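Trainee: Handing you this structure, nothing more for now.
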Amino acid sequence: MLNNMICGKHIFAKDICNVVTGKEDANFATENGKYKFFTCASTPSLCDEYVFESKSILIAGNGEFNVKHYDGKFNAYQRTYVLSPEPELYGLLYLSSLYRINSFKSGSAGSIVKFITKGDVENIPVFIPNDTELIKSINSLVHFQDQVSIENEQLCTLRDWLLPMLMNGQATIED
């Protein structure tokens, strides 16, 4: 029988990135903003100014307890944690954050956990495998997920632009 054990090391999120929070309150969002504004909601809002320009993992510190990731210019709510690791560790930290947040969610079901602290985020356990090909594969999968999300956003934008034109007769579809 073959041994399929993956060898590596255990570290914490604070060992591979700084954990910072946004500085804005929820009223910072604008309806037609140019940049994503990440709050504790599962979908981002928009705003007119960005503070961050990076490939980052965003963790909602209260409310819905969720993990998102984004690459580009954005801003963040004061209870949203922003983690920007080195590119080669991005996928591992993202998956570790998802796993850890799910345990916070299950712990909050009985009103035990009301919010996530900076220490909670800094101490998210991350396993770094020795196999660099495995790390590359994980990053590729996260990148693929990013591409699907971008395409989905573009399709929604196109739908929102085209549907009113179809409804009022400004555009028609040929058979």
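Labels for the structure tokens follow display order: chains A, B, ..., residues from 1 in each chain, ligands from 1.
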Could you list, with a cut-off of 9 Å and counting only C-alpha atoms, the residues of range 15-109 of chain A near range 140-164 of chain A, each shown with its nearest atom pair and the distance in Å rounded to one decimal, rows sorted by chain and ascending number, as CSV?
Mentor:
```
residue,atom,partner,partner_atom,distance
A:His69,CA,A:Asp146,CA,8.2
A:Tyr70,CA,A:Asp146,CA,7.8
A:Asp71,CA,A:Asp146,CA,8.6
A:Tyr90,CA,A:Val142,CA,8.6
A:Gly91,CA,A:Val142,CA,6.0
A:Tyr94,CA,A:Val142,CA,8.4
A:Leu95,CA,A:Val142,CA,9.0
```
Trainee: With only C-alpha atoms as the counted atoms, please give the residues lying no more than 9 Å from Asn18 in chain A, apart from itself and same-chain residues fewer than 5 positions off, as a ChimeraX atom specification.
Mentor: /A:13,82-85,122
Trainee: With distances taken over only C-alpha atoms, which of A:Lys136, A:Lys23, A:Lys55, A:His10 is nearest to Tyr81 in chain A?
Mentor: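 Ranking A:Lys136, A:Lys23, A:Lys55, A:His10 by distance to Tyr81 in chain A, first place goes to A:Lys23.
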Trainee: Find the residues near Lys14 in chain A: any atom within 10 Å, counting only C-alpha atoms, skip ones fewer than 6 places away on the same chain, and give them as a ChimeraX atom specification.
Mentor: /A:83,85,118-119,121-126
Trainee: At a cut-off of 9 Å, using only C-alpha atoms, what residues contact Ile128 in chain A? Leave out same-chain residues fewer than 4 positions from it and give the result as a list in words.
Mentor: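 Final neighbour list, sorted by chain and number: Cys7, Gly8, Lys9, His10, Ile11, Leu89, Leu92 and Ile135 of chain A.
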Trainee: Considering only C-alpha atoms, can you say which of A:Gly169, A:Pro129, A:Gly22, A:Gly33 comes closest to Glu49 in chain A?
Mentor: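 Smallest separation from Glu49 in chain A among the options: A:Gly33.
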Trainee: Find, counting only C-alpha atoms, the residue in A:Asn4, A:Val20, A:Glu86, A:Arg100 that gets nearest to Asn139 in chain A.
Mentor: A:Glu86
